[in-house]
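J.: Here it is, the structure, as structure tokens.
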Amino acid sequence: MEYEAFKESVLKGLQEKYGGHATARVEKILKNNGKHHDGIVVELGGGKGSTGMFIPLEWFYRLYDGGNTDMEGCIQIIAKVCEEHRETDCVRELLQKMVCWERIKGDIYPVLLSTKENREMLERVVSKQMLDMSVVYIARGEIGGRCVGIKIDRRMLEIYGISAERLHKQAMENLMNDGYQFRDIYRFVVEQGYPEPEKLELEEAGKAEKTEKAYILTNAVKFYGAAGILDRKLVREFAGGKNFFILPSSVNETIFVPAGDGSGVEIYSGMVKMVNEMDVDEEERLTDHAYFYDGAADEIRMCA
């Protein structure tokens with residue numbers, strides 16, 4: 001069954017399951033890096049309201065198309081998710097906080113995204129340029145034990161009665177108290193449950209050379225932690241006047257590698273591009289090249 005026919009069948013199946021007690025529709029949502037996704041939104045009757053859950057339809061199609069479940073199985077799983085994610089207390093609280101600046105301001109954080117890959121989104125959200133990246137702002141909450149972020153668009157500034165400068169200032173204050181740390185990358189990898197690496201190697205001209213010690217920068221929740229490079233005081237104190245290459249591992253973290261005189265930028269930019277293509281989900285990619293932190297000037301620059 002083709003994808004469009006699958007969508008129609010899912011909607012029909014949900015309508016038959018719930019009868020007149022619910023409505024189901026497909027909506028598109030714009031995610032990071034210009035990616036649009038179809039999702040099922042089910043509004044249940046009996047005064048329960050929306051499930052508050054965007055259920056990714058493409059994921060169910062892959063299950064169906066791969067023979068992992070049939071149409072009835074898809075309907076049953078979607079219905080179960082809807083029932084489990086009715087307007088829970090945490091969803092209701094987040095939505096109520098979203099419309100009140102005094103209640104939500106402590107949960108506002110800056111995030112870094114690629115300007116080039118997010119032009120459509122940047123037309124409506126509050127943003128600030130940084131090199132070839134854009135600082136945008138999210139209201140962060142927790143639903144079902146995981147972090148979620150709702151991007152702040154320009155209409156919300158009118159509701160809050162604040163300026164973009166005030167939003168940025170509050171976001172930066174929160175960032176500085178968000179548990180950012182520089183961690184030895186080897187220790188960090190082991191703490192994530194991976195085997196301890198013996199060494200990190202780069203291939204250049206057919207020979208392997210052991211790299212300098214590397215460090216990873218992210219926040220305590222490891223969610224949109226690449227924004228840590230906005231905290232110039234934190235970066236300056238860590239660097240101690242030395243030069244570093246900054247590798248954008250993803251929107252969630254960056255890697256700092258001693259840069260010495262700044263030579264070898266092609267190697268590190270190549271690493272970033274290769275890792276993006278092989279290991280990083282498209283929506284979590286930041287940029288395809290390294291950056292250079294000049295310790296003497298306390299300045300971050302793009303690497304060509």
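Labels used: A, B, ... for chains in the order of the structure tokens, numbers from 1 for residues in each chain, and numbers from 1 for ligands as shown.
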Which residues are near stretch 123-128 of chain A? Cut-off 6 Å, only C-alpha atoms, ignore same chain within fewer than 5 positions. Put them as a list in words.
T.: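 Here the answer would be Ser134, Val135, Val136, Ile152, Asp153 and Arg154 of chain A.
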J.: With N, CA and C atoms retained, write the just-selected residues as a PDB file, in the first residue's frame.
T.:
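The file below, part.pdb, is the result:
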```
ATOM      1  N   SER A 134      21.614  30.402  13.877  1.00  0.00           N
ATOM      2  CA  SER A 134      20.611  31.285  14.463  1.00  0.00           C
ATOM      3  C   SER A 134      20.299  30.833  15.880  1.00  0.00           C
ATOM      4  N   VAL A 135      20.223  31.804  16.778  1.00  0.00           N
ATOM      5  CA  VAL A 135      19.755  31.538  18.136  1.00  0.00           C
ATOM      6  C   VAL A 135      18.240  31.673  18.116  1.00  0.00           C
ATOM      7  N   VAL A 136      17.538  30.610  18.454  1.00  0.00           N
ATOM      8  CA  VAL A 136      16.094  30.675  18.632  1.00  0.00           C
ATOM      9  C   VAL A 136      15.805  30.293  20.082  1.00  0.00           C
ATOM     10  N   ILE A 152       9.482  29.659  20.511  1.00  0.00           N
ATOM     11  CA  ILE A 152       8.755  30.909  20.746  1.00  0.00           C
ATOM     12  C   ILE A 152       8.659  31.688  19.441  1.00  0.00           C
ATOM     13  N   ASP A 153       7.431  31.884  18.947  1.00  0.00           N
ATOM     14  CA  ASP A 153       7.272  32.676  17.727  1.00  0.00           C
ATOM     15  C   ASP A 153       6.971  34.134  18.084  1.00  0.00           C
ATOM     16  N   ARG A 154       6.933  34.979  17.070  1.00  0.00           N
ATOM     17  CA  ARG A 154       6.810  36.422  17.297  1.00  0.00           C
ATOM     18  C   ARG A 154       5.473  36.790  17.935  1.00  0.00           C
TER      19      ARG A 154
END
```
J.: Give me every alpha helix (DSSP H) residue in stretch 130-262 of chain A, going by DSSP on the backbone, as a ChimeraX atom specification.
T.: /A:154-160,164-175,185-191,232-239
J.: Within 7 Å of A:Ile29, counting only C-alpha atoms, which residues qualify if same-chain residues fewer than 5 places away don't, as a PyMOL selection string?
T.: chain A and resi 36-38
J.: Any idea what's packed within 8 Å of A:Ser249, counting only C-alpha atoms, ignoring anything in its chain fewer than 2 positions away? Could you give it as a PyMOL selection string?
T.: chain A and resi 247+251-255+272+275-276+285-286
J.: Convert the current residue selection to file output with C-alpha atoms, as a PDB file, in the first residue's frame.
T.:
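Full text of part02.pdb as output:
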```
ATOM      1  CA  LEU A 247      33.086  20.669  16.415  1.00  0.00           C
ATOM      2  CA  VAL A 251      22.267  20.566  18.278  1.00  0.00           C
ATOM      3  CA  ASN A 252      22.717  18.838  21.650  1.00  0.00           C
ATOM      4  CA  GLU A 253      26.468  19.204  22.200  1.00  0.00           C
ATOM      5  CA  THR A 254      29.762  20.536  20.860  1.00  0.00           C
ATOM      6  CA  ILE A 255      33.272  19.073  21.058  1.00  0.00           C
ATOM      7  CA  VAL A 272      32.087  17.005  11.230  1.00  0.00           C
ATOM      8  CA  VAL A 275      29.853  12.179  11.321  1.00  0.00           C
ATOM      9  CA  ASN A 276      26.754  14.166  10.313  1.00  0.00           C
ATOM     10  CA  ARG A 285      22.501  18.365  12.684  1.00  0.00           C
ATOM     11  CA  LEU A 286      23.843  21.834  13.381  1.00  0.00           C
TER      12      LEU A 286
END
```
J.: Taking into account only C-alpha atoms, which residue in the set A:Asp298, A:Glu58, A:Glu27, A:Asp178 is nearest to A:Phe238?
T.: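 Looking only at the distances to A:Phe238, the closest residue turns out to be A:Asp298.
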J.: Which polymer residues have any atom within 10 Å of an atom of A:Ala297, counting only C-alpha atoms, with same-chain residues fewer than 3 positions away left out, as a list of chain:residue names?
T.: A:Arg236, A:Gly241, A:Lys242, A:Asn243, A:Tyr293, A:Asp294, A:Ile300
J.: Generate the output file for the selected residues, C-alpha atoms, as a tab-separated table (two decimals), in the first residue's frame.
T.:
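In the end it all went to part_8.tsv:
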```
chain	number	residue	atom	x	y	z
A	236	ARG	CA	36.79	31.73	28.24
A	241	GLY	CA	43.62	31.86	26.60
A	242	LYS	CA	44.32	28.81	24.39
A	243	ASN	CA	42.90	28.11	20.92
A	293	TYR	CA	37.89	29.73	19.15
A	294	ASP	CA	40.64	32.33	19.34
A	300	ILE	CA	34.54	32.31	17.83
```
J.: Write out as an NGL selection string all residues of stretch 122-255 of chain A that DSSP puts in strand (DSSP E or B) for this structure's backbone.
T.: :A and (125 or 127-130 or 133-143 or 146-151 or 153 or 181-184 or 201-204 or 207-210 or 215-218 or 244-250 or 253-255)
J.: Please report the interatomic distance between atom CA of A:Arg140 and atom CA of A:Lys222 in Å with one decimal.
T.: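 Calculated distance between atom CA of A:Arg140 and atom CA of A:Lys222 is 12.5 Å.
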J.: With only C-alpha atoms as the counted atoms, please give the residues lying no more than 12 Å from A:Asp231, apart from itself and same-chain residues fewer than 5 positions off, as a list in words.
T.: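 In the requested format, the answer is Pro110, Val111, Lys169, Ala171, Met172, Glu173, Asn174, Leu175, Met176, Asn177, Asp178, Gly179, Tyr180, Gln181, Leu217, Thr218, Asn219, Gly225, Ala226, Arg236, Glu237, Phe238, Asp298, Glu299 and Ile300 of chain A.
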J.: Could you check which of A:Gly262, A:Pro248, A:Gly295, A:Gly145 is closest to A:Val280, using only C-alpha atoms?
T.: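 Checking each of A:Gly262, A:Pro248, A:Gly295, A:Gly145 against A:Val280, counting only C-alpha atoms, the winner is A:Pro248.
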J.: Given the choices A:Leu57, A:Lys28, A:Ile246, A:Gly34, which gets closest to A:Glu8 if the distance is worked out from only C-alpha atoms?
T.: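 Of A:Leu57, A:Lys28, A:Ile246, A:Gly34, the one nearest A:Glu8, counting only C-alpha atoms, is A:Leu57.
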J.: Pick out the closest residue to A:Ile78 from this set: A:Val265, A:Ile40, A:Ala239, A:Leu30. Count only C-alpha atoms.
T.: A:Ile40
J.: Using only C-alpha atoms, pick whichever of A:Leu113, A:Cys100, A:Leu94, A:Met133 has the shortest atom-to-atom distance to A:Ile162.
T.: A:Cys100
J.: Would you mind listing what lies within 9 Å of A:Lys7 as number ranges by chain, with only C-alpha atoms counted and same-chain residues fewer than 5 positions away left out?
T.: A: 2, 12, 26, 57, 61
J.: Go ahead and write the residues just picked, C-alpha atoms, as a short mmCIF file (atom, residue, chain, number, x, y, z; two decimals), in the first residue's frame.
T.:
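This went into selection_39.cif:
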```
data_model
loop_
_atom_site.label_atom_id
_atom_site.label_comp_id
_atom_site.auth_asym_id
_atom_site.auth_seq_id
_atom_site.Cartn_x
_atom_site.Cartn_y
_atom_site.Cartn_z
CA GLU A 2 1.34 3.43 -0.94
CA LYS A 12 -10.85 5.66 8.38
CA VAL A 26 -3.47 14.39 9.72
CA LEU A 57 2.63 8.77 11.00
CA TYR A 61 4.05 3.42 7.84
#
```
J.: Which residue, A:Ala290, A:Lys31, A:Ile216, A:Arg187, has the smallest gap to A:Gly228 when you use only C-alpha atoms?
T.: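 Looking at the shortest contact to A:Gly228, the residue is A:Ile216.
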J.: Enter the distance from atom CA of A:Ile229 to atom CA of A:Val99, in Å, rounded to one decimal.
T.: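 These atoms are spaced 29.1 Å apart.
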J.: What does the distance between atom CA of A:Met130 and atom CA of A:Ser163 come to in Å, to one decimal place?
T.: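 Result for atom CA of A:Met130 versus atom CA of A:Ser163: 18.8 Å, one decimal.
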